[in-house]
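Q: My structure is in coords36.tsv, and what it holds is TSV, C-alpha atoms:
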```
chain	number	residue	atom	x	y	z
A	1	MET	CA	0.00	0.00	0.00
A	2	ALA	CA	1.32	3.45	-0.96
A	3	ASP	CA	2.12	5.73	1.98
A	4	ARG	CA	1.01	8.82	0.04
A	5	ILE	CA	-1.77	9.45	-2.45
A	6	VAL	CA	-2.55	12.27	-4.86
A	7	MET	CA	-5.90	13.98	-4.45
A	8	GLU	CA	-7.28	15.96	-7.38
A	9	VAL	CA	-9.55	18.47	-5.74
A	10	ALA	CA	-12.13	20.56	-7.61
A	11	ARG	CA	-11.71	24.30	-7.03
A	12	TYR	CA	-14.23	27.00	-7.80
A	13	ARG	CA	-13.38	30.50	-6.67
A	14	PRO	CA	-16.13	32.79	-7.94
A	15	GLU	CA	-14.05	35.94	-7.44
A	16	ASP	CA	-11.33	34.65	-9.78
A	17	THR	CA	-12.91	32.27	-12.24
A	18	ASN	CA	-16.19	31.11	-13.73
A	19	GLU	CA	-15.40	27.41	-14.04
A	20	VAL	CA	-14.20	24.44	-12.02
A	21	THR	CA	-10.47	23.69	-12.11
A	22	PHE	CA	-8.59	20.84	-10.48
A	23	GLN	CA	-5.69	21.17	-8.10
A	24	GLN	CA	-3.46	18.27	-7.09
A	25	PHE	CA	-2.32	17.67	-3.52
A	26	GLU	CA	-0.21	14.82	-2.24
A	27	VAL	CA	-1.37	13.65	1.16
A	28	PRO	CA	-0.36	10.84	3.54
A	29	CYS	CA	-2.37	7.66	3.19
A	30	PRO	CA	-2.38	5.69	6.46
A	31	LYS	CA	-4.72	2.71	6.56
A	32	ASP	CA	-7.26	4.44	8.80
A	33	TRP	CA	-7.48	7.73	6.89
A	34	VAL	CA	-10.71	8.62	5.11
A	35	VAL	CA	-11.07	11.15	2.28
A	36	LEU	CA	-12.14	13.77	4.80
A	37	ASP	CA	-8.84	13.29	6.69
A	38	GLY	CA	-7.05	13.95	3.42
A	39	LEU	CA	-9.02	17.16	2.87
A	40	ASN	CA	-8.36	18.27	6.45
A	41	TYR	CA	-4.65	17.66	5.86
A	42	VAL	CA	-4.78	19.84	2.75
A	43	LYS	CA	-6.63	22.57	4.63
A	44	ASP	CA	-4.28	22.46	7.66
A	45	GLN	CA	-0.92	21.90	5.94
A	46	LEU	CA	-1.05	22.76	2.24
A	47	ASP	CA	-3.76	25.25	1.29
A	48	GLY	CA	-5.92	26.96	3.90
A	49	THR	CA	-8.20	28.46	1.24
A	50	LEU	CA	-9.88	25.13	0.41
A	51	SER	CA	-13.58	25.22	1.31
A	52	TYR	CA	-15.71	22.18	2.16
A	53	ARG	CA	-18.36	21.18	4.69
A	54	TRP	CA	-17.89	18.67	7.46
A	55	SER	CA	-18.82	18.22	11.07
A	56	CYS	CA	-19.19	14.92	12.92
A	57	ARG	CA	-16.67	12.63	11.12
A	58	MET	CA	-18.83	9.60	11.93
A	59	GLY	CA	-21.55	9.38	9.30
A	60	VAL	CA	-24.23	11.06	11.37
A	61	CYS	CA	-24.40	14.74	10.40
A	62	GLY	CA	-24.62	14.27	6.62
A	63	SER	CA	-22.45	17.33	5.92
A	64	CYS	CA	-19.47	15.88	4.11
A	65	GLY	CA	-21.14	14.38	1.02
A	66	MET	CA	-19.00	14.84	-2.10
A	67	THR	CA	-18.34	13.16	-5.41
A	68	VAL	CA	-15.39	10.79	-5.06
A	69	ASN	CA	-14.11	9.38	-8.35
A	70	GLY	CA	-17.54	10.04	-9.88
A	71	GLU	CA	-19.56	8.41	-7.09
A	72	PRO	CA	-21.56	10.28	-4.44
A	73	LYS	CA	-19.98	9.39	-1.07
A	74	LEU	CA	-19.77	10.51	2.51
A	75	THR	CA	-16.11	11.49	2.68
A	76	CYS	CA	-15.93	10.54	6.37
A	77	ALA	CA	-16.80	6.94	5.46
A	78	THR	CA	-14.67	6.54	2.34
A	79	PHE	CA	-11.17	5.23	2.94
A	80	LEU	CA	-8.24	6.58	0.93
A	81	SER	CA	-6.65	3.13	0.93
A	82	ASP	CA	-9.60	1.77	-1.08
A	83	TYR	CA	-8.39	3.79	-4.05
A	84	GLY	CA	-5.01	2.06	-4.38
A	85	ALA	CA	-2.25	4.24	-5.75
A	86	GLY	CA	-4.67	7.03	-6.76
A	87	PRO	CA	-5.08	9.67	-7.93
A	88	ILE	CA	-8.43	10.19	-6.28
A	89	ARG	CA	-10.70	12.90	-7.66
A	90	ILE	CA	-12.86	14.92	-5.26
A	91	GLU	CA	-15.67	17.07	-6.66
A	92	PRO	CA	-18.74	18.75	-5.17
A	93	LEU	CA	-22.05	16.86	-5.17
A	94	LYS	CA	-23.57	16.82	-8.64
A	95	ASN	CA	-26.92	18.44	-9.45
A	96	PHE	CA	-26.43	21.34	-7.02
A	97	PRO	CA	-25.09	24.85	-7.71
A	98	ILE	CA	-21.53	25.26	-6.42
A	99	VAL	CA	-20.95	28.06	-3.92
A	100	ARG	CA	-17.18	27.60	-3.58
A	101	ASP	CA	-14.75	24.71	-4.10
A	102	LEU	CA	-16.58	21.67	-2.66
A	103	VAL	CA	-19.45	23.56	-1.03
A	104	VAL	CA	-22.85	23.34	-2.72
A	105	GLU	CA	-26.00	25.39	-2.28
A	106	ILE	CA	-28.65	23.38	-0.39
A	107	GLY	CA	-31.56	25.85	-0.15
A	108	ASP	CA	-33.64	24.01	-2.77
A	109	PHE	CA	-33.26	20.74	-0.87
A	110	MET	CA	-34.23	22.34	2.45
A	111	ARG	CA	-37.35	23.91	0.91
A	112	LYS	CA	-38.38	20.58	-0.58
A	113	LEU	CA	-37.98	18.78	2.74
A	114	VAL	CA	-40.36	21.23	4.41
A	115	SER	CA	-42.84	21.09	1.53
A	116	VAL	CA	-43.84	17.48	2.32
A	117	LYS	CA	-44.90	18.42	5.88
A	118	PRO	CA	-42.45	16.16	7.72
A	119	TRP	CA	-44.15	16.21	11.09
A	120	ILE	CA	-46.95	14.27	12.73
A	121	ILE	CA	-50.33	15.61	11.64
A	122	ARG	CA	-53.28	14.68	13.84
A	123	ASP	CA	-56.96	15.01	13.00
A	124	GLU	CA	-57.49	15.78	16.65
A	125	GLU	CA	-54.89	16.18	19.38
A	126	LYS	CA	-55.73	14.34	22.55
A	127	PRO	CA	-55.32	16.21	25.86
A	128	VAL	CA	-51.86	15.96	27.44
A	129	ALA	CA	-53.46	14.42	30.53
A	130	GLN	CA	-54.31	11.34	28.47
A	131	GLY	CA	-50.63	10.59	28.02
A	132	GLU	CA	-48.44	9.71	25.07
A	133	TYR	CA	-49.45	8.26	21.75
A	134	LEU	CA	-48.32	4.70	22.26
A	135	GLN	CA	-46.75	2.61	19.53
A	136	THR	CA	-45.89	-1.08	19.33
A	137	PRO	CA	-42.44	-2.25	18.11
A	138	ALA	CA	-44.15	-3.61	14.96
A	139	GLU	CA	-45.66	-0.18	14.24
A	140	LEU	CA	-42.25	1.41	14.75
A	141	ASP	CA	-40.67	-1.07	12.33
A	142	GLU	CA	-43.09	0.07	9.60
A	143	TYR	CA	-41.35	3.43	9.21
A	144	LYS	CA	-38.06	3.14	11.12
A	145	GLN	CA	-35.99	2.55	7.99
A	146	TYR	CA	-37.21	5.83	6.46
A	147	SER	CA	-36.45	7.75	9.64
A	148	MET	CA	-32.72	6.96	9.37
A	149	CYS	CA	-32.09	9.63	6.71
A	150	ILE	CA	-29.31	12.09	7.63
A	151	ASN	CA	-30.09	14.57	4.81
A	152	CYS	CA	-26.68	14.06	3.21
A	153	MET	CA	-28.17	14.63	-0.28
A	154	LEU	CA	-26.17	11.81	-1.89
A	155	CYS	CA	-29.47	10.52	-3.29
A	156	TYR	CA	-30.14	13.86	-5.04
A	157	SER	CA	-26.65	13.81	-6.45
A	158	ALA	CA	-27.14	10.28	-7.82
A	159	CYS	CA	-30.58	11.03	-9.25
A	160	PRO	CA	-30.39	12.03	-12.93
A	161	ILE	CA	-34.05	13.09	-12.85
A	162	TYR	CA	-33.28	15.76	-10.25
A	163	GLY	CA	-30.38	16.94	-12.44
A	164	LEU	CA	-32.57	17.14	-15.53
A	165	GLU	CA	-35.73	18.43	-13.84
A	166	PRO	CA	-34.79	20.49	-10.78
A	167	GLY	CA	-38.49	20.86	-9.90
A	168	PHE	CA	-38.61	17.16	-8.92
A	169	ILE	CA	-39.20	16.91	-5.16
A	170	GLY	CA	-36.58	14.19	-4.98
A	171	PRO	CA	-35.79	10.95	-3.14
A	172	ALA	CA	-35.06	12.04	0.44
A	173	ALA	CA	-38.09	14.33	0.71
A	174	ILE	CA	-40.46	11.64	-0.59
A	175	ALA	CA	-38.91	9.02	1.72
A	176	LEU	CA	-39.39	11.46	4.59
A	177	ALA	CA	-43.05	11.93	3.65
A	178	GLN	CA	-43.41	8.15	3.62
A	179	ARG	CA	-41.77	7.99	7.06
A	180	TYR	CA	-44.68	10.04	8.45
A	181	ASN	CA	-47.37	8.38	6.33
A	182	LEU	CA	-46.42	4.99	7.77
A	183	ASP	CA	-46.35	6.28	11.35
A	184	SER	CA	-49.35	4.89	13.23
A	185	ARG	CA	-49.75	8.22	15.07
A	186	ASP	CA	-50.08	10.26	11.89
A	187	HIS	CA	-53.22	11.24	9.97
A	188	GLY	CA	-51.61	13.46	7.33
A	189	SER	CA	-51.17	11.06	4.41
A	190	GLU	CA	-53.95	12.66	2.36
A	191	GLU	CA	-52.49	16.14	2.79
A	192	ARG	CA	-49.10	14.85	1.69
A	193	MET	CA	-50.63	12.94	-1.20
A	194	ASP	CA	-51.97	16.25	-2.56
A	195	ILE	CA	-48.40	17.59	-2.59
A	196	LEU	CA	-46.70	14.47	-3.90
A	197	SER	CA	-49.16	12.99	-6.34
A	198	HIS	CA	-48.24	15.11	-9.32
A	199	HIS	CA	-45.61	15.15	-12.01
A	200	GLU	CA	-42.91	16.79	-9.91
A	201	GLY	CA	-43.69	14.47	-7.00
A	202	ILE	CA	-43.75	10.69	-7.09
A	203	TRP	CA	-44.63	10.48	-10.80
A	204	GLY	CA	-41.46	12.35	-11.75
A	205	CYS	CA	-39.42	9.33	-10.58
A	206	THR	CA	-38.54	6.90	-13.36
A	207	PHE	CA	-37.02	4.39	-10.92
A	208	VAL	CA	-33.36	4.66	-11.83
A	209	GLY	CA	-32.82	3.29	-8.33
A	210	GLU	CA	-29.41	4.85	-7.70
A	211	CYS	CA	-30.71	6.88	-4.76
A	212	THR	CA	-31.04	3.62	-2.84
A	213	GLU	CA	-27.66	2.32	-3.98
A	214	VAL	CA	-25.72	5.37	-2.75
A	215	CYS	CA	-27.64	5.87	0.51
A	216	PRO	CA	-25.18	5.44	3.40
A	217	LYS	CA	-28.01	4.72	5.84
A	218	HIS	CA	-29.91	2.11	3.77
A	219	VAL	CA	-33.04	4.23	3.74
A	220	ASP	CA	-34.15	2.95	0.32
A	221	PRO	CA	-35.81	6.10	-1.06
A	222	ALA	CA	-36.49	4.35	-4.39
A	223	GLY	CA	-38.53	1.74	-2.55
A	224	ALA	CA	-40.40	4.46	-0.65
A	225	ILE	CA	-41.33	6.19	-3.92
A	226	GLN	CA	-42.52	2.99	-5.58
A	227	ARG	CA	-44.62	2.11	-2.53
A	228	TYR	CA	-46.07	5.60	-2.69
A	229	LYS	CA	-46.92	5.15	-6.37
A	230	LEU	CA	-48.64	1.85	-5.61
A	231	SER	CA	-50.72	3.28	-2.77
A	232	ALA	CA	-51.59	6.39	-4.86
A	233	SER	CA	-52.75	4.18	-7.72
A	234	LEU	CA	-54.80	1.97	-5.40
A	235	ALA	CA	-56.39	5.01	-3.75
A	236	TRP	CA	-57.29	6.39	-7.18
A	237	LEU	CA	-58.68	3.02	-8.29
A	238	LYS	CA	-60.69	2.70	-5.09
A	239	SER	CA	-62.19	6.16	-5.46
A	240	PHE	CA	-62.90	5.46	-9.13
A	241	VAL	CA	-64.51	2.05	-8.65
A	242	ALA	CA	-66.35	2.67	-5.39
A	243	PRO	CA	-66.23	6.35	-4.42
A	244	ARG	CA	-68.81	5.98	-1.65
A	245	GLY	CA	-67.38	2.69	-0.46
A	246	ALA	CA	-63.92	4.21	-0.14
A	247	GLU	CA	-65.28	7.11	1.92
A	248	GLN	CA	-67.20	4.77	4.19
A	249	GLU	CA	-64.15	2.59	4.64
A	250	GLU	CA	-62.06	5.60	5.62
A	251	GLU	CA	-64.68	6.68	8.14
A	252	GLU	CA	-64.78	3.19	9.60
A	253	GLU	CA	-60.99	3.10	9.82
A	254	ALA	CA	-60.95	6.47	11.61
A	255	GLN	CA	-63.60	5.28	14.07
A	256	GLU	CA	-61.72	2.07	14.71
A	257	GLU	CA	-58.53	4.01	15.44
A	258	GLU	CA	-60.35	6.34	17.84
A	259	THR	CA	-61.77	3.35	19.70
A	260	LYS	CA	-58.31	1.80	19.91
A	261	GLU	CA	-56.83	5.01	21.30
A	262	ALA	CA	-59.62	5.40	23.84
A	263	ALA	CA	-59.02	1.80	24.99
A	264	SER	CA	-55.28	2.36	25.39
B	1	MET	CA	-21.91	44.20	-10.39
B	2	ILE	CA	-18.27	44.09	-11.56
B	3	ASP	CA	-15.32	44.33	-9.19
B	4	PRO	CA	-12.63	46.40	-11.05
B	5	LEU	CA	-9.86	44.47	-9.29
B	6	ARG	CA	-11.36	41.10	-10.25
B	7	PRO	CA	-12.90	41.50	-13.70
B	8	HIS	CA	-13.78	37.78	-14.01
B	9	ALA	CA	-15.88	37.77	-10.90
B	10	VAL	CA	-19.63	38.23	-11.16
B	11	TYR	CA	-21.45	39.08	-7.98
B	12	HIS	CA	-25.13	38.87	-7.22
B	13	ASP	CA	-26.58	41.23	-4.67
B	14	TYR	CA	-25.72	39.14	-1.64
B	15	HIS	CA	-23.18	36.55	-2.71
B	16	PRO	CA	-20.70	35.65	-5.45
B	17	ARG	CA	-22.21	33.83	-8.39
B	18	TRP	CA	-23.00	30.17	-7.88
B	19	LEU	CA	-21.81	27.85	-10.59
B	20	ARG	CA	-24.67	25.92	-12.16
B	21	ARG	CA	-23.45	23.00	-14.23
B	22	ARG	CA	-25.58	21.69	-17.08
B	23	VAL	CA	-26.33	17.99	-17.18
B	24	SER	CA	-24.65	16.49	-20.22
B	25	THR	CA	-26.84	14.97	-22.94
B	26	TYR	CA	-24.74	11.84	-22.46
B	27	TRP	CA	-25.21	11.69	-18.67
B	28	TRP	CA	-26.41	8.09	-19.02
B	29	LEU	CA	-22.96	7.01	-20.22
B	30	GLU	CA	-21.24	8.32	-17.09
B	31	ARG	CA	-21.99	5.34	-14.85
B	32	TRP	CA	-22.89	1.70	-15.58
B	33	PRO	CA	-26.12	1.78	-13.46
B	34	TYR	CA	-27.37	4.67	-15.65
B	35	VAL	CA	-26.62	2.66	-18.82
B	36	LYS	CA	-28.54	-0.26	-17.33
B	37	PHE	CA	-31.45	2.05	-16.55
B	38	ILE	CA	-31.56	3.36	-20.12
B	39	LEU	CA	-31.42	-0.20	-21.49
B	40	ARG	CA	-34.35	-1.07	-19.23
B	41	GLU	CA	-36.29	1.93	-20.56
B	42	ILE	CA	-35.46	1.03	-24.18
B	43	SER	CA	-36.59	-2.55	-23.58
B	44	SER	CA	-40.18	-1.28	-23.49
B	45	VAL	CA	-39.89	-0.53	-27.24
B	46	PHE	CA	-39.11	-4.19	-27.87
B	47	VAL	CA	-41.95	-5.28	-25.59
B	48	ALA	CA	-44.23	-3.13	-27.78
B	49	TRP	CA	-42.75	-4.78	-30.90
B	50	PHE	CA	-43.54	-8.27	-29.53
B	51	VAL	CA	-47.11	-7.19	-28.81
B	52	LEU	CA	-47.45	-5.90	-32.37
B	53	TYR	CA	-45.86	-9.10	-33.75
B	54	LEU	CA	-48.35	-11.20	-31.77
B	55	ILE	CA	-51.28	-9.13	-33.08
B	56	LEU	CA	-50.04	-9.58	-36.65
B	57	LEU	CA	-49.69	-13.32	-36.06
B	58	LEU	CA	-53.24	-13.57	-34.70
B	59	ARG	CA	-54.58	-11.52	-37.61
B	60	ALA	CA	-52.88	-13.84	-40.12
B	61	MET	CA	-54.19	-16.93	-38.32
B	62	ASN	CA	-57.67	-15.47	-38.28
B	63	ARG	CA	-57.67	-14.85	-42.05
B	64	ASN	CA	-56.77	-18.21	-43.60
B	65	ALA	CA	-54.01	-20.81	-44.00
B	66	VAL	CA	-52.36	-18.91	-46.87
B	67	ALA	CA	-52.11	-15.69	-44.87
B	68	TYR	CA	-50.66	-17.68	-41.95
B	69	GLN	CA	-48.04	-19.31	-44.21
B	70	GLU	CA	-47.17	-15.88	-45.69
B	71	PHE	CA	-46.68	-14.55	-42.18
B	72	LEU	CA	-44.38	-17.46	-41.31
B	73	ASP	CA	-42.37	-16.86	-44.51
B	74	TRP	CA	-42.11	-13.16	-43.70
B	75	SER	CA	-40.93	-14.07	-40.19
B	76	THR	CA	-37.96	-16.01	-41.58
B	77	ARG	CA	-36.52	-12.95	-43.32
B	78	PRO	CA	-33.11	-12.12	-41.83
B	79	TRP	CA	-34.05	-8.67	-40.53
B	80	VAL	CA	-37.22	-9.96	-38.83
B	81	LEU	CA	-35.25	-12.82	-37.28
B	82	LEU	CA	-32.55	-10.44	-36.08
B	83	LEU	CA	-35.15	-8.05	-34.66
B	84	ASN	CA	-36.87	-10.91	-32.83
B	85	VAL	CA	-33.60	-12.23	-31.39
B	86	ILE	CA	-32.72	-8.73	-30.10
B	87	SER	CA	-36.28	-8.33	-28.79
B	88	ALA	CA	-36.06	-11.67	-26.99
B	89	PHE	CA	-32.87	-10.51	-25.25
B	90	PHE	CA	-34.47	-7.23	-24.17
B	91	ILE	CA	-37.65	-8.94	-23.01
B	92	VAL	CA	-35.70	-11.33	-20.79
B	93	PHE	CA	-33.73	-8.32	-19.46
B	94	HIS	CA	-37.01	-6.41	-18.92
B	95	SER	CA	-38.62	-9.34	-17.10
B	96	ILE	CA	-35.65	-10.01	-14.82
B	97	THR	CA	-35.17	-6.36	-13.86
B	98	TRP	CA	-38.93	-5.91	-13.39
B	99	LEU	CA	-39.28	-8.98	-11.16
B	100	ASN	CA	-36.21	-8.02	-9.15
B	101	LEU	CA	-37.69	-4.58	-8.52
B	102	ALA	CA	-41.13	-5.88	-7.53
B	103	PRO	CA	-40.29	-6.23	-3.80
B	104	LYS	CA	-39.42	-2.51	-3.70
B	105	ALA	CA	-43.00	-1.53	-4.42
B	106	MET	CA	-44.75	-4.43	-2.69
B	107	VAL	CA	-44.68	-4.73	1.06
B	108	VAL	CA	-46.62	-7.82	2.04
B	109	HIS	CA	-47.56	-8.77	5.58
B	110	ALA	CA	-48.13	-12.41	6.46
B	111	PRO	CA	-51.02	-13.32	8.79
B	112	GLY	CA	-49.90	-12.29	12.23
B	113	GLY	CA	-48.34	-9.07	10.95
B	114	ARG	CA	-44.85	-10.33	10.06
B	115	ARG	CA	-43.35	-8.79	6.96
B	116	VAL	CA	-42.67	-11.17	4.07
B	117	PRO	CA	-38.94	-10.92	3.14
B	118	PRO	CA	-38.22	-9.21	-0.24
B	119	THR	CA	-36.49	-12.33	-1.62
B	120	VAL	CA	-39.65	-14.38	-1.03
B	121	ILE	CA	-41.72	-11.80	-2.95
B	122	ALA	CA	-39.23	-11.82	-5.86
B	123	LEU	CA	-39.04	-15.63	-5.91
B	124	SER	CA	-42.82	-15.97	-5.85
B	125	ASN	CA	-42.97	-13.65	-8.88
B	126	TYR	CA	-40.42	-15.84	-10.68
B	127	ALA	CA	-42.44	-18.92	-9.72
B	128	ALA	CA	-45.59	-17.32	-11.19
B	129	LEU	CA	-43.64	-16.58	-14.39
B	130	VAL	CA	-42.44	-20.19	-14.64
B	131	VAL	CA	-45.96	-21.57	-14.04
B	132	ALA	CA	-47.45	-19.23	-16.68
B	133	SER	CA	-44.70	-20.13	-19.17
B	134	VAL	CA	-45.18	-23.87	-18.62
B	135	LEU	CA	-48.94	-23.46	-19.05
B	136	VAL	CA	-48.52	-21.53	-22.33
B	137	ALA	CA	-45.95	-24.06	-23.60
B	138	TRP	CA	-48.29	-26.93	-22.72
B	139	LEU	CA	-51.18	-25.26	-24.58
B	140	LEU	CA	-49.06	-24.59	-27.66
B	141	LEU	CA	-47.10	-27.81	-27.82
B	142	GLY	CA	-49.66	-30.45	-27.22
B	143	GLY	CA	-52.21	-29.66	-24.60
```
Translate this file's structure into structure tokens.
A:
Amino acid sequence: MADRIVMEVARYRPEDTNEVTFQQFEVPCPKDWVVLDGLNYVKDQLDGTLSYRWSCRMGVCGSCGMTVNGEPKLTCATFLSDYGAGPIRIEPLKNFPIVRDLVVEIGDFMRKLVSVKPWIIRDEEKPVAQGEYLQTPAELDEYKQYSMCINCMLCYSACPIYGLEPGFIGPAAIALAQRYNLDSRDHGSEERMDILSHHEGIWGCTFVGECTEVCPKHVDPAGAIQRYKLSASLAWLKSFVAPRGAEQEEEEEAQEEETKEAAS
Amino acid sequence: MIDPLRPHAVYHDYHPRWLRRRVSTYWWLERWPYVKFILREISSVFVAWFVLYLILLLRAMNRNAVAYQEFLDWSTRPWVLLLNVISAFFIVFHSITWLNLAPKAMVVHAPGGRRVPPTVIALSNYAALVVASVLVAWLLLGG
């Protein structure tokens, strides 16, 4: 194993240039160093002007997502030694405007996250005196996978649809909506369906599936979107075939849930 | 707004200009999974061709024995054969990728609430395909 590796780092300095250039840095390559360690070495020892985001160094904060040799990766979980003799190319996440060097603009992503109402929506709040909304482990398992998202945006970077149609709500936001839809305490799925059941929502996805492949937390946004499509289609079919029946069924379900809550 | 000391720099009101990169027309050649995705999308054209071919076959059968024989003769032309061989490849590819993706959209709960594992869902889809294929083969070949 080589004891040093060359990193080709993308630079964009808006005050000097209007395009991305690459700058080479040779950094140490101990077995336990990740790409982020290499960037920190560059920043501390070689060029203090390099800009990039990072925080926790342990795959929790989702800040250090970048494109490593063409693949969206968390740089804190990508080992330099996995790239042999190098060189290893570090670029900003694709599909986002670049602010500076490896820093991308995330405002669009943040707005989209909020647009799907990622909080528990209740038809009626019960009084605090009645205690918590209880949940069984099986009910938790229904949505737990989708709640593991760390908003690292690797899925947006891997999604060619988001690159081609920036209006697309995107994988993480839809998976987050699904996280709340599948929560037994939530009643907001219809409200979210209004937001997501249009061309820039779930129907914009053509199931490339790479969002799931690159997800460092195994959230499976592609699966969430396809499940959403299936339930949207079934809801439409139900309302089309038996509009009154569907309404009655919903009412019965709501009543059943109320009875369950009162009993608990 | 132009900074006289830095003529290349373009500033917006509150920040330097962000760089927006255009997605290349050939984005699908950048990574193998994207190529695979495009092949899967293209396979639908060949599925449509097989449907059309089947309709033409049924039409010829419905007319008379001469029309049916003419259709069979037409089917042996090299370009039709080649097209059908390519279509067969794409249809197998389409079926495999489709059946592998089925568990993503289908979440099935067994009685008692336990979730059926994705591999079981995929395998049951393959089993259904095999049963249907055997049934069709039996009908065509001597049922």
Q: Got a sec: who's within 10 Å of Pro166 (chain A), counting only C-alpha atoms, leaving out chain neighbours fewer than 5 positions off, as a VMD selection string?
A: chain A and resid 95 to 96 108 156 160 to 161 200
Q: Could you tell me how far CA of Ala177 (chain A) lies from CA of Ser189 (chain A), in Å and to one decimal?
A: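 Interatomic distance, CA of Ala177 (chain A) to CA of Ser189 (chain A): 8.2 Å.
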Q: Measure the distance from CA of Ile88 (chain A) to CA of Val34 (chain A) in Å and round it to one decimal.
A: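 Taking CA of Ile88 (chain A) as the start and CA of Val34 (chain A) as the end point, the length is 11.7 Å.
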Q: Write down, as JSON, numbers by chain, each residue of chain A that has any atom within 6 Å of an atom of chain B, counting all atoms listed in the file.
A: {"A": [14, 15, 16, 17, 97, 98, 99, 208, 223, 226, 227]}
Q: Would you compute the distance between CA of Asp3 (chain A) and CA of Asp47 (chain A)? Give it in Å to one decimal.
A: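 Those two atoms sit 20.4 Å apart.
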Q: May I ask which of the residues B:Val116, B:Val80, B:Ile86, B:Ala122 is the closest one to Trp98 (chain B), counting all atoms listed in the file?
A: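 Looking at the shortest contact to Trp98 (chain B), the residue is B:Ala122.
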Q: With all atoms listed in the file as the basis for distance, which of A:Val9, A:Leu140, A:Ala129, A:Val104 is at the shortest distance from Pro87 (chain A)?
A: A:Val9
Q: Might you pull out every residue within 12 Å of Ala224 (chain A), with only C-alpha atoms counted and same-chain residues fewer than 4 positions away left off, and present them as a ChimeraX atom specification?
A: /A:142-143,145-147,170-182,202,205,207,209,211-212,218-220,228-231 /B:103-107
Q: Calculated over only C-alpha atoms, which of the candidates A:Ser197, A:Ser81, A:Gln135, A:Gln130 has the smallest distance to Ala235 (chain A)?
A: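 Nearest candidate to Ala235 (chain A) out of A:Ser197, A:Ser81, A:Gln135, A:Gln130: A:Ser197.
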Q: At most 8 Å from (-23.6, 15.9, 6.2), file frame, all atoms listed in the file: which residues, as a list in words?
A: Arg53, Trp54, Ser55, Gly59, Val60, Cys61, Gly62, Ser63, Cys64, Gly65, Leu74, Ile150, Asn151 and Cys152 of chain A
Q: Could I see region 226-238 of chain A restored to N, CA and C atoms, set down as a compact mmCIF listing (two decimals), keeping the file's coordinate frame?
A:
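Result file follows (out-v2.txt):
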```txt
# COMPACT_ATOMS: atom_id res chain seq x y z
N GLN A 226 -41.71 3.97 -4.87
CA GLN A 226 -42.52 2.99 -5.58
C GLN A 226 -43.72 2.56 -4.73
N ARG A 227 -43.50 2.44 -3.41
CA ARG A 227 -44.62 2.11 -2.53
C ARG A 227 -45.67 3.21 -2.57
N TYR A 228 -45.18 4.44 -2.63
CA TYR A 228 -46.07 5.60 -2.69
C TYR A 228 -46.90 5.57 -3.98
N LYS A 229 -46.22 5.22 -5.08
CA LYS A 229 -46.92 5.15 -6.37
C LYS A 229 -48.02 4.10 -6.30
N LEU A 230 -47.67 2.95 -5.70
CA LEU A 230 -48.64 1.85 -5.61
C LEU A 230 -49.84 2.28 -4.78
N SER A 231 -49.58 2.91 -3.62
CA SER A 231 -50.72 3.28 -2.77
C SER A 231 -51.52 4.41 -3.42
N ALA A 232 -50.85 5.32 -4.16
CA ALA A 232 -51.59 6.39 -4.86
C ALA A 232 -52.49 5.79 -5.94
N SER A 233 -51.96 4.81 -6.65
CA SER A 233 -52.75 4.18 -7.72
C SER A 233 -53.94 3.43 -7.12
N LEU A 234 -53.70 2.72 -6.01
CA LEU A 234 -54.80 1.97 -5.40
C LEU A 234 -55.87 2.90 -4.87
N ALA A 235 -55.42 4.04 -4.27
CA ALA A 235 -56.39 5.01 -3.75
C ALA A 235 -57.24 5.57 -4.88
N TRP A 236 -56.56 5.85 -6.02
CA TRP A 236 -57.29 6.39 -7.18
C TRP A 236 -58.30 5.34 -7.69
N LEU A 237 -57.83 4.09 -7.77
CA LEU A 237 -58.68 3.02 -8.29
C LEU A 237 -59.90 2.82 -7.38
N LYS A 238 -59.63 2.87 -6.09
CA LYS A 238 -60.69 2.70 -5.09
C LYS A 238 -61.73 3.80 -5.24
```
